[in-house]
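**Student:** What follows is target18.cif, made up of mmCIF, C-alpha atoms:
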data_query
loop_
_atom_site.label_atom_id
_atom_site.label_comp_id
_atom_site.auth_asym_id
_atom_site.auth_seq_id
_atom_site.Cartn_x
_atom_site.Cartn_y
_atom_site.Cartn_z
CA MET D 675 -38.54 -219.74 81.98
CA SER D 676 -35.20 -221.22 83.01
CA SER D 677 -34.07 -218.91 85.81
CA ALA D 678 -33.27 -219.88 89.39
CA PHE D 679 -32.49 -217.72 92.37
CA LEU D 680 -30.01 -219.22 94.83
CA ILE D 681 -30.88 -217.70 98.19
CA LEU D 682 -28.67 -217.49 101.27
CA CYS D 683 -30.94 -216.68 104.20
CA HIS D 684 -31.21 -216.96 107.97
CA ARG D 685 -34.88 -216.03 108.26
CA PRO D 686 -37.92 -216.51 106.02
CA PRO D 687 -37.30 -214.66 102.72
CA LEU D 688 -40.79 -213.20 102.48
CA TYR D 689 -40.17 -211.19 99.32
CA TRP D 690 -38.77 -214.17 97.41
CA LEU D 691 -41.58 -216.48 98.51
CA ARG D 692 -44.17 -213.94 97.36
CA LEU D 693 -42.31 -213.61 94.05
CA ALA D 694 -42.32 -217.40 93.61
CA GLU D 695 -46.07 -217.55 94.25
CA ARG D 696 -46.71 -214.92 91.59
CA HIS D 697 -44.23 -216.40 89.12
CA PRO D 698 -44.49 -220.20 89.24
CA GLU D 699 -42.20 -220.38 86.21
CA ILE D 700 -39.12 -219.37 88.25
CA ARG D 701 -37.27 -221.58 90.73
CA LEU D 702 -35.99 -220.80 94.20
CA LEU D 703 -33.27 -222.81 95.91
CA LEU D 704 -32.86 -221.87 99.57
CA HIS D 705 -29.94 -222.37 101.91
CA TYR D 706 -31.31 -221.81 105.41
CA ASP D 707 -28.58 -221.08 107.95
CA ALA D 708 -28.04 -224.06 110.27
CA LYS D 709 -28.29 -221.89 113.38
CA ALA D 710 -31.63 -220.39 112.31
CA ASP D 711 -35.00 -221.75 113.44
CA ILE D 712 -36.33 -223.78 110.52
CA GLY D 713 -39.73 -223.81 112.23
CA ALA D 714 -40.16 -220.13 111.39
CA LEU D 715 -40.33 -221.01 107.70
CA SER D 716 -43.85 -221.50 106.38
CA PRO D 717 -44.64 -224.17 103.76
CA LEU D 718 -42.91 -223.37 100.49
CA PRO D 719 -44.60 -222.91 97.10
CA PRO D 720 -44.04 -225.79 94.64
CA ASN D 721 -41.30 -223.93 92.75
CA ALA D 722 -39.20 -223.32 95.87
CA ARG D 723 -37.23 -225.84 97.86
CA LEU D 724 -34.73 -226.04 100.67
CA ILE D 725 -31.44 -227.75 99.98
CA PRO D 726 -30.73 -230.39 102.65
CA GLN D 727 -27.18 -229.21 103.38
CA ARG D 728 -27.35 -226.52 106.05
CA VAL D 729 -24.13 -224.75 106.97
CA ASN D 730 -23.60 -222.70 110.12
CA ILE D 731 -22.60 -219.48 108.37
CA ARG D 732 -20.25 -217.05 110.07
CA TRP D 733 -19.88 -213.52 108.80
CA ALA D 734 -16.85 -213.13 106.49
CA GLY D 735 -15.97 -216.82 106.81
CA PHE D 736 -15.45 -219.70 104.40
CA SER D 737 -18.74 -221.13 105.63
CA MET D 738 -20.44 -218.59 103.33
CA VAL D 739 -18.56 -220.04 100.36
CA GLU D 740 -19.45 -223.61 101.40
CA ALA D 741 -23.15 -222.77 101.51
CA THR D 742 -22.91 -221.14 98.09
CA LEU D 743 -21.22 -224.20 96.60
CA HIS D 744 -24.07 -226.39 97.89
CA LEU D 745 -26.56 -224.12 96.15
CA MET D 746 -24.56 -224.25 92.92
CA ARG D 747 -24.54 -228.06 92.97
CA ALA D 748 -28.29 -228.11 93.53
CA ALA D 749 -28.84 -225.77 90.58
CA LEU D 750 -26.72 -227.87 88.23
CA ALA D 751 -28.61 -230.99 89.30
CA ASP D 752 -31.71 -229.48 87.66
CA ALA D 753 -31.22 -229.76 83.90
CA ASP D 754 -33.93 -227.17 83.21
CA ILE D 755 -32.04 -224.33 84.93
CA ARG D 756 -30.09 -222.15 82.48
CA PHE D 757 -29.57 -218.95 84.44
CA VAL D 758 -28.82 -218.46 88.13
CA HIS D 759 -28.61 -215.45 90.42
CA LEU D 760 -26.95 -215.71 93.83
CA VAL D 761 -28.90 -213.52 96.25
CA SER D 762 -29.59 -212.97 99.93
CA GLY D 763 -32.95 -212.76 101.62
CA ASN D 764 -32.56 -208.97 101.55
CA CYS D 765 -32.07 -208.74 97.79
CA MET D 766 -34.89 -207.98 95.36
CA LEU D 767 -35.52 -207.64 91.64
CA LEU D 768 -35.68 -204.25 89.97
CA ASN D 769 -37.63 -205.66 87.04
CA THR D 770 -39.80 -208.65 86.23
CA PRO D 771 -38.19 -212.11 86.08
CA GLU D 772 -39.20 -212.35 82.42
CA GLN D 773 -37.43 -209.14 81.47
CA ILE D 774 -34.28 -210.10 83.36
CA GLU D 775 -34.14 -213.53 81.75
CA CYS D 776 -34.67 -211.98 78.32
CA GLU D 777 -31.68 -209.67 78.87
CA PHE D 778 -29.56 -212.51 80.26
CA ALA D 779 -30.39 -214.76 77.31
CA ALA D 780 -29.11 -212.06 74.95
CA LEU D 781 -25.61 -212.32 76.45
CA PRO D 782 -23.05 -214.74 75.00
CA ARG D 783 -22.95 -218.30 76.26
CA GLY D 784 -20.65 -218.68 79.25
CA SER D 785 -21.50 -215.29 80.74
CA LEU D 786 -20.50 -214.67 84.34
CA LEU D 787 -21.57 -211.37 85.90
CA LEU D 788 -19.20 -210.94 88.83
CA GLU D 789 -17.48 -207.90 90.29
CA CYS D 790 -13.76 -208.54 89.90
CA HIS D 791 -10.94 -206.04 90.25
CA ALA D 792 -7.40 -205.93 91.61
CA GLU D 793 -7.38 -204.60 95.17
CA PRO D 794 -3.83 -204.21 96.57
CA ARG D 795 -4.99 -203.01 100.00
CA LEU D 796 -6.78 -206.34 100.55
CA ARG D 797 -3.85 -208.54 99.60
CA TYR D 798 -3.34 -209.59 103.22
CA ARG D 799 -6.66 -211.45 103.04
CA VAL D 800 -5.56 -213.81 100.28
CA ARG D 801 -1.90 -213.95 101.26
CA PHE D 802 -2.03 -215.30 104.81
CA ASN D 803 -3.80 -218.17 106.51
CA THR D 804 -5.11 -216.82 109.81
CA PRO D 805 -6.08 -218.66 113.01
CA HIS D 806 -9.18 -216.54 113.61
CA ALA D 807 -10.72 -216.83 110.13
CA ASP D 808 -14.28 -218.23 110.20
CA THR D 809 -14.39 -218.25 114.00
CA THR D 810 -16.66 -216.51 116.48
CA TRP D 811 -13.83 -214.27 117.67
CA GLN D 812 -12.91 -212.92 114.24
CA ARG D 813 -15.10 -209.87 114.89
CA ARG D 814 -14.11 -209.42 118.54
CA LEU D 815 -11.26 -207.24 119.75
CA PRO D 816 -8.56 -209.98 119.78
CA GLY D 817 -9.52 -210.98 116.24
CA LYS D 818 -9.55 -207.39 115.02
CA LEU D 819 -6.09 -206.81 116.50
CA LEU D 820 -4.80 -209.96 114.83
CA THR D 821 -6.22 -208.78 111.51
CA LYS D 822 -4.36 -205.48 111.94
CA ALA D 823 -1.16 -207.46 112.50
CA PHE D 824 -1.61 -209.32 109.21
CA GLN D 825 -2.31 -206.04 107.43
CA ALA D 826 0.96 -204.66 108.78
CA ALA D 827 2.85 -207.81 107.81
CA ASP D 828 1.60 -207.51 104.24
CA LYS D 829 2.92 -203.95 104.02
CA ILE D 830 6.31 -204.88 105.47
CA LEU D 831 7.03 -208.19 103.73
CA PRO D 832 7.63 -208.03 99.94
CA ALA D 833 5.14 -209.85 97.72
CA THR D 834 4.02 -209.91 94.09
CA GLN D 835 0.67 -211.62 94.60
CA THR D 836 -2.38 -209.90 93.11
CA ALA D 837 -5.56 -209.82 95.18
CA TYR D 838 -8.77 -209.88 93.16
CA ALA D 839 -11.87 -208.77 95.02
CA GLY D 840 -15.51 -207.87 94.59
CA SER D 841 -19.02 -208.53 95.79
CA GLN D 842 -19.88 -212.18 96.35
CA TRP D 843 -23.27 -211.79 94.65
CA PHE D 844 -23.10 -212.98 91.05
CA SER D 845 -25.20 -214.14 88.12
CA ALA D 846 -24.13 -216.92 85.78
CA ASP D 847 -25.50 -218.99 82.96
CA ARG D 848 -25.29 -222.77 83.20
CA THR D 849 -21.99 -222.99 81.31
CA ALA D 850 -20.30 -220.45 83.58
CA LEU D 851 -21.79 -221.99 86.73
CA ALA D 852 -20.47 -225.43 85.81
CA ALA D 853 -17.01 -224.03 85.07
CA LEU D 854 -16.90 -222.21 88.40
CA LEU D 855 -18.01 -225.25 90.36
CA ASN D 856 -15.53 -227.48 88.56
CA ALA D 857 -12.74 -225.03 89.46
CA ALA D 858 -13.82 -225.01 93.12
CA ASP D 859 -11.86 -228.18 93.81
CA GLU D 860 -10.35 -229.25 97.12
CA GLN D 861 -7.13 -227.39 96.40
CA ALA D 862 -8.98 -224.11 95.88
CA CYS D 863 -11.13 -224.66 98.95
CA ALA D 864 -8.12 -225.56 101.10
CA PHE D 865 -6.35 -222.39 99.97
CA PHE D 866 -9.23 -220.18 101.14
CA ARG D 867 -10.49 -222.07 104.18
CA LYS D 868 -8.47 -220.00 106.67
CA LYS D 869 -8.38 -216.76 104.70
CA LEU D 870 -10.19 -213.64 105.89
CA CYS D 871 -13.39 -212.62 104.06
CA PRO D 872 -13.03 -215.33 101.39
CA ASP D 873 -16.56 -214.68 100.11
CA GLU D 874 -15.23 -211.46 98.52
CA HIS D 875 -12.31 -213.21 96.82
CA PHE D 876 -13.03 -216.91 96.20
CA PHE D 877 -15.08 -216.72 93.00
CA GLN D 878 -12.93 -213.90 91.65
CA TYR D 879 -9.89 -216.14 92.20
CA LEU D 880 -11.59 -218.98 90.33
CA ALA D 881 -12.71 -216.76 87.46
CA LYS D 882 -9.21 -215.37 86.94
CA ARG D 883 -7.71 -218.88 86.92
CA LEU D 884 -10.12 -220.34 84.39
CA PRO D 885 -8.42 -221.17 81.09
CA GLU D 886 -9.63 -219.60 77.86
CA THR D 887 -10.80 -223.05 76.78
CA ALA D 888 -13.46 -222.88 79.51
CA GLY D 889 -15.35 -220.46 77.26
CA ILE D 890 -16.26 -218.07 80.08
CA MET D 891 -16.97 -214.40 79.44
CA LEU D 892 -16.45 -212.41 82.64
CA TRP D 893 -18.56 -209.27 82.93
CA PRO D 894 -17.16 -207.20 85.83
CA ASN D 895 -20.56 -205.60 86.48
CA ASN D 896 -22.85 -207.91 88.44
CA ARG D 897 -25.97 -205.84 87.61
CA ARG D 898 -26.72 -205.15 91.27
CA HIS D 899 -27.27 -201.85 93.03
CA ILE D 900 -25.61 -202.02 96.45
CA ARG D 901 -24.79 -198.82 98.33
CA PHE D 902 -22.28 -198.53 101.16
CA ALA D 903 -21.76 -195.58 103.45
CA PRO D 904 -18.10 -194.46 103.52
CA GLY D 905 -16.06 -196.79 105.72
CA SER D 906 -18.93 -199.21 106.34
CA ASN D 907 -18.65 -203.00 106.03
CA HIS D 908 -22.39 -203.42 105.60
CA PRO D 909 -24.63 -202.12 102.80
CA ASP D 910 -27.12 -199.36 103.46
CA MET D 911 -30.80 -200.20 103.66
CA LEU D 912 -32.50 -198.84 100.53
CA ALA D 913 -35.71 -196.82 100.67
CA LEU D 914 -38.67 -197.16 98.32
CA ALA D 915 -37.97 -193.83 96.61
CA GLU D 916 -34.45 -194.93 95.69
CA LEU D 917 -35.76 -198.22 94.32
CA GLN D 918 -38.31 -196.35 92.23
CA ASP D 919 -35.50 -194.24 90.76
CA LEU D 920 -33.67 -197.47 89.86
CA ARG D 921 -36.69 -198.95 88.07
CA HIS D 922 -35.26 -198.25 84.61
CA SER D 923 -31.57 -198.64 85.44
CA PRO D 924 -29.49 -201.38 83.76
CA ASN D 925 -29.28 -203.23 87.10
CA TRP D 926 -31.27 -206.39 87.70
CA LEU D 927 -31.24 -206.54 91.49
CA ALA D 928 -30.83 -204.35 94.56
CA ARG D 929 -29.81 -204.90 98.16
CA LYS D 930 -30.22 -204.32 101.03
CA VAL D 931 -34.02 -203.97 101.31
CA ASP D 932 -36.37 -204.75 104.19
CA ASP D 933 -39.37 -207.01 103.62
CA ASP D 934 -42.07 -204.33 103.70
CA THR D 935 -40.26 -202.11 101.21
CA ALA D 936 -39.46 -205.01 98.89
CA LEU D 937 -43.07 -206.22 98.89
CA ARG D 938 -44.40 -202.72 98.20
CA PHE D 939 -42.01 -202.37 95.29
CA LEU D 940 -43.04 -205.79 93.98
CA ASP D 941 -46.67 -204.68 93.99
CA GLU D 942 -45.68 -201.59 92.00
CA ILE D 943 -43.76 -203.63 89.42
CA GLU D 944 -46.55 -206.17 89.05
CA GLY D 945 -49.04 -203.36 88.57
CA THR D 946 -46.81 -201.74 85.95
CA ALA D 947 -46.24 -205.05 84.20
CA ALA D 948 -49.96 -205.72 84.09
#
Please render this file's structure as C-alpha cells.
**Tutor:**
Amino acid sequence: MSSAFLILCHRPPLYWLRLAERHPEIRLLLHYDAKADIGALSPLPPNARLIPQRVNIRWAGFSMVEATLHLMRAALADADIRFVHLVSGNCMLLNTPEQIECEFAALPRGSLLLECHAEPRLRYRVRFNTPHADTTWQRRLPGKLLTKAFQAADKILPATQTAYAGSQWFSADRTALAALLNAADEQACAFFRKKLCPDEHFFQYLAKRLPETAGIMLWPNNRRHIRFAPGSNHPDMLALAELQDLRHSPNWLARKVDDDTALRFLDEIEGTAA
C-alpha cells in the first residue's frame, strides 16, 4: 500500500496507533503539538513516526497551517507515498485502509478532495489582517469584540473579493499534494499569517489559484462525515450507532470520535473484513 495519514494531535492518538499495528503497510506521520507532553506518547510502531518540527498550535490560527505544511513536506520526502489523508487524533476510518486506497486509486491523477465553496459571510476573515489572529486572546472577550468589528467593517466597506471556505481536512494524491505545497509559498503564507481562521481558507485559496497546467482535479467533497450542531464551532462527538450506520456510506473518514468508540468500531470493521 502507498497511503499515509498525516495526523495533527496534542495527545496520544490511540486509535491511529492501533490501526498502524494492525496494518503495517500504511504509514503514519504525526505532528505532536509543541505544548503537549511528549512523554505521554508510548513507543511508536515501525510504520509511524513523529516529524521533528513541533508547532505550538493555537485554535483557529495560522499555526495550524504551519503544522500541516510540515506534515506535507514529510510525506513528499517519502517517495513511496502516493495518497495522503490529513486527519486529527479524533478522526477514524469508516472502512479498511485497503478499500479506501482502492477507491482513491480509481480517481484521476491529481485528485484533491477538499471542501471548497464561496462563503460571502466569512469574507472578513480573508479580507483583513487582524492584530489578534493566532494569539491567546483571540477567543477571549476583547478578541471576540474585535472580530465583531471586522465583521461590521466588511459589511460597510465595499469589496469584490470572494472568500472560499471549507473544512481543513483533505485527502490528496501525490501530484495534488506537491502542487499544493508548491503554491504555499512565502507570499501565500504572509497573506494568511494574520487572518482569522486561516485553516478553513488557506488550502481552498491555493486550490482556486492553481493554474490548469497544474493538472489538479478538485473534488469538493472531502469524503468525511463531520456533524455540527446548529451555531456550534466544534463538531459533535459521534456515537457508535451513528458510525455503524455510516459503515457503507461513500465517506472514508469520520470525526469527532473518542478513543473508546473508535477502537470498538475498528474491532467491528476488522471482524467484518476477516
**Student:** Taking only residues of stretch 821-850 of chain D that have an atom at most 10 Å from an atom of stretch 731-753 of chain D, what is each one's shortest atom pair and its distance in Å to one decimal, using only C-alpha atoms, in chain and number order, as a Markdown table?
**Tutor:**
| residue | atom | partner | partner_atom | distance |
| --- | --- | --- | --- | --- |
| D:Gln842 | CA | D:Val739 | CA | 8.9 |
| D:Trp843 | CA | D:Thr742 | CA | 10.0 |
| D:Arg848 | CA | D:Leu750 | CA | 7.3 |
| D:Thr849 | CA | D:Leu750 | CA | 9.7 |
**Student:** Fewer than 6 positions away in the same chain doesn't count, so skip those; otherwise give me all residues within 8 Å of stretch 794-805 of chain D, counting only C-alpha atoms, as number ranges by chain.
**Tutor:** D: 824-825, 827-828, 835-837, 839, 866, 868-872, 875
**Student:** At a cut-off of 12 Å, using all atoms listed in the file, what residues contact D:His899? Leave out same-chain residues fewer than 2 positions from it and give the result as a ChimeraX atom specification.
**Tutor:** /D:765-768,789,841,843,895-897,901-902,909-912,916-917,919-921,923-931
**Student:** By how many Å are atom CA of D:Ala826 and atom CA of D:Arg883 apart?
**Tutor:** 27.5 Å
**Student:** What gap, in Å, lies between atom CA of D:Gly889 and atom CA of D:Asp859?
**Tutor:**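 According to the coordinates, atom CA of D:Gly889 and atom CA of D:Asp859 are separated by 18.6 Å.
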**Student:** Taking into account only C-alpha atoms, which residue in the set D:Ile725, D:Ala936, D:Leu760, D:Leu781 is nearest to D:Leu892?
**Tutor:**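 The shortest atom-to-atom distance to D:Leu892 comes from D:Leu781.
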**Student:** To one decimal in Å, tell me the separation between atom CA of D:Phe939 and atom CA of D:Pro687.
**Tutor:**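 Between these atoms lies a distance of 15.1 Å.
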**Student:** Can you translate the PyMOL selection byres ((chain D and resi 719) around 8) into the concrete residues it hits in this file, as a list in words?
**Tutor:**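 That expression, the PyMOL selection byres ((chain D and resi 719) around 8), corresponds here to Leu691, Ala694, Glu695, Pro717, Leu718, Pro720, Asn721, Ala722 and Arg723 of chain D.
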**Student:** Kindly export the residues of the current selection with C-alpha atoms, as a PDB file, in the coordinates of the input.
**Tutor:**
ATOM      1  CA  LEU D 691     -41.580-216.480  98.510  1.00  0.00           C
ATOM      2  CA  ALA D 694     -42.320-217.400  93.610  1.00  0.00           C
ATOM      3  CA  GLU D 695     -46.070-217.550  94.250  1.00  0.00           C
ATOM      4  CA  PRO D 717     -44.640-224.170 103.760  1.00  0.00           C
ATOM      5  CA  LEU D 718     -42.910-223.370 100.490  1.00  0.00           C
ATOM      6  CA  PRO D 720     -44.040-225.790  94.640  1.00  0.00           C
ATOM      7  CA  ASN D 721     -41.300-223.930  92.750  1.00  0.00           C
ATOM      8  CA  ALA D 722     -39.200-223.320  95.870  1.00  0.00           C
ATOM      9  CA  ARG D 723     -37.230-225.840  97.860  1.00  0.00           C
TER      10      ARG D 723
END
**Student:** Could you check which of D:Ala710, D:Leu851, D:Leu937, D:Ala823 is closest to D:Ala678, using only C-alpha atoms?
**Tutor:**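 Distance minimum relative to D:Ala678 lands on D:Leu851.
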**Student:** Expand the PyMOL selection byres ((chain D and resi 706) around 12) into the individual residues it matches in the shown file, reporting them as a PyMOL selection string.
**Tutor:** chain D and resi 680-687+703-705+707-715+723-731+738+741-742+744-745+762-763
**Student:** Taking the file as shown, what set of residues would the PyMOL selection byres ((chain D and resi 941) around 12) give back, as a ChimeraX atom specification?
**Tutor:** /D:689,692-693,696,767-770,914,918,934-940,942-948
**Student:** Given the choices D:Ser716, D:Arg867, D:Glu775, D:Glu874, which gets closest to D:Glu699 if the distance is worked out from only C-alpha atoms?
**Tutor:** D:Glu775
**Student:** When you count only C-alpha atoms, which of these residues is closest to D:Glu793: D:Lys818, D:Ala853, D:Gln878, D:Ala862?
**Tutor:**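 Using only C-alpha atoms, D:Glu793 sits closest to D:Gln878.
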**Student:** Please complete stretch 679-715 of chain D so it has N, CA and C atoms, and hand it over as a short mmCIF file (atom, residue, chain, number, x, y, z; two decimals), in the coordinates of the input.
**Tutor:**
data_model
loop_
_atom_site.label_atom_id
_atom_site.label_comp_id
_atom_site.auth_asym_id
_atom_site.auth_seq_id
_atom_site.Cartn_x
_atom_site.Cartn_y
_atom_site.Cartn_z
N PHE D 679 -33.09 -218.64 91.42
CA PHE D 679 -32.49 -217.72 92.37
C PHE D 679 -31.97 -218.54 93.55
N LEU D 680 -30.67 -218.46 93.76
CA LEU D 680 -30.01 -219.22 94.83
C LEU D 680 -29.93 -218.30 96.04
N ILE D 681 -30.66 -218.64 97.09
CA ILE D 681 -30.88 -217.70 98.19
C ILE D 681 -30.16 -218.16 99.45
N LEU D 682 -29.29 -217.30 99.96
CA LEU D 682 -28.67 -217.49 101.27
C LEU D 682 -29.48 -216.70 102.28
N CYS D 683 -30.08 -217.40 103.25
CA CYS D 683 -30.94 -216.68 104.20
C CYS D 683 -30.85 -217.30 105.59
N HIS D 684 -31.19 -216.49 106.59
CA HIS D 684 -31.21 -216.96 107.97
C HIS D 684 -32.57 -216.68 108.62
N ARG D 685 -33.50 -216.21 107.83
CA ARG D 685 -34.88 -216.03 108.26
C ARG D 685 -35.76 -216.15 107.02
N PRO D 686 -37.06 -216.31 107.18
CA PRO D 686 -37.92 -216.51 106.02
C PRO D 686 -37.78 -215.37 105.01
N PRO D 687 -37.46 -215.69 103.76
CA PRO D 687 -37.30 -214.66 102.72
C PRO D 687 -38.66 -214.29 102.12
N LEU D 688 -39.39 -213.45 102.83
CA LEU D 688 -40.79 -213.20 102.48
C LEU D 688 -40.96 -212.66 101.07
N TYR D 689 -40.07 -211.75 100.67
CA TYR D 689 -40.17 -211.19 99.32
C TYR D 689 -40.04 -212.30 98.28
N TRP D 690 -39.03 -213.14 98.43
CA TRP D 690 -38.77 -214.17 97.41
C TRP D 690 -39.90 -215.20 97.36
N LEU D 691 -40.46 -215.53 98.50
CA LEU D 691 -41.58 -216.48 98.51
C LEU D 691 -42.80 -215.88 97.83
N ARG D 692 -43.06 -214.60 98.05
CA ARG D 692 -44.17 -213.94 97.36
C ARG D 692 -43.91 -213.92 95.84
N LEU D 693 -42.67 -213.63 95.47
CA LEU D 693 -42.31 -213.61 94.05
C LEU D 693 -42.54 -214.98 93.42
N ALA D 694 -42.15 -216.04 94.13
CA ALA D 694 -42.32 -217.40 93.61
C ALA D 694 -43.80 -217.75 93.45
N GLU D 695 -44.63 -217.29 94.36
CA GLU D 695 -46.07 -217.55 94.25
C GLU D 695 -46.65 -216.87 93.02
N ARG D 696 -46.18 -215.67 92.73
CA ARG D 696 -46.71 -214.92 91.59
C ARG D 696 -46.10 -215.37 90.26
N HIS D 697 -44.93 -215.97 90.34
CA HIS D 697 -44.23 -216.40 89.12
C HIS D 697 -43.84 -217.86 89.25
N PRO D 698 -44.79 -218.77 89.07
CA PRO D 698 -44.49 -220.20 89.24
C PRO D 698 -43.49 -220.74 88.23
N GLU D 699 -43.15 -219.93 87.23
CA GLU D 699 -42.20 -220.38 86.21
C GLU D 699 -40.75 -220.24 86.67
N ILE D 700 -40.49 -219.49 87.75
CA ILE D 700 -39.12 -219.37 88.25
C ILE D 700 -38.88 -220.44 89.32
N ARG D 701 -37.62 -220.62 89.68
CA ARG D 701 -37.27 -221.58 90.73
C ARG D 701 -36.49 -220.87 91.83
N LEU D 702 -36.76 -221.27 93.05
CA LEU D 702 -35.99 -220.80 94.20
C LEU D 702 -35.30 -221.99 94.85
N LEU D 703 -34.02 -221.84 95.11
CA LEU D 703 -33.27 -222.81 95.91
C LEU D 703 -32.78 -222.07 97.14
N LEU D 704 -33.14 -222.58 98.32
CA LEU D 704 -32.86 -221.87 99.57
C LEU D 704 -31.83 -222.62 100.40
N HIS D 705 -30.81 -221.89 100.82
CA HIS D 705 -29.94 -222.37 101.91
C HIS D 705 -30.36 -221.63 103.16
N TYR D 706 -30.85 -222.40 104.15
CA TYR D 706 -31.31 -221.81 105.41
C TYR D 706 -30.25 -222.07 106.46
N ASP D 707 -29.69 -221.00 106.99
CA ASP D 707 -28.58 -221.08 107.95
C ASP D 707 -28.86 -222.13 109.03
N ALA D 708 -27.86 -222.96 109.32
CA ALA D 708 -28.04 -224.06 110.27
C ALA D 708 -28.39 -223.58 111.67
N LYS D 709 -27.99 -222.38 112.03
CA LYS D 709 -28.29 -221.89 113.38
C LYS D 709 -29.65 -221.19 113.46
N ALA D 710 -30.33 -221.05 112.33
CA ALA D 710 -31.63 -220.39 112.31
C ALA D 710 -32.74 -221.40 112.61
N ASP D 711 -33.86 -220.91 113.09
CA ASP D 711 -35.00 -221.75 113.44
C ASP D 711 -35.78 -222.11 112.18
N ILE D 712 -35.65 -223.35 111.74
CA ILE D 712 -36.33 -223.78 110.52
C ILE D 712 -37.85 -223.77 110.71
N GLY D 713 -38.30 -223.83 111.96
CA GLY D 713 -39.73 -223.81 112.23
C GLY D 713 -40.40 -222.50 111.89
N ALA D 714 -39.60 -221.44 111.74
CA ALA D 714 -40.16 -220.13 111.39
C ALA D 714 -40.53 -220.05 109.92
N LEU D 715 -40.08 -221.03 109.14
CA LEU D 715 -40.33 -221.01 107.70
C LEU D 715 -41.65 -221.68 107.39
#
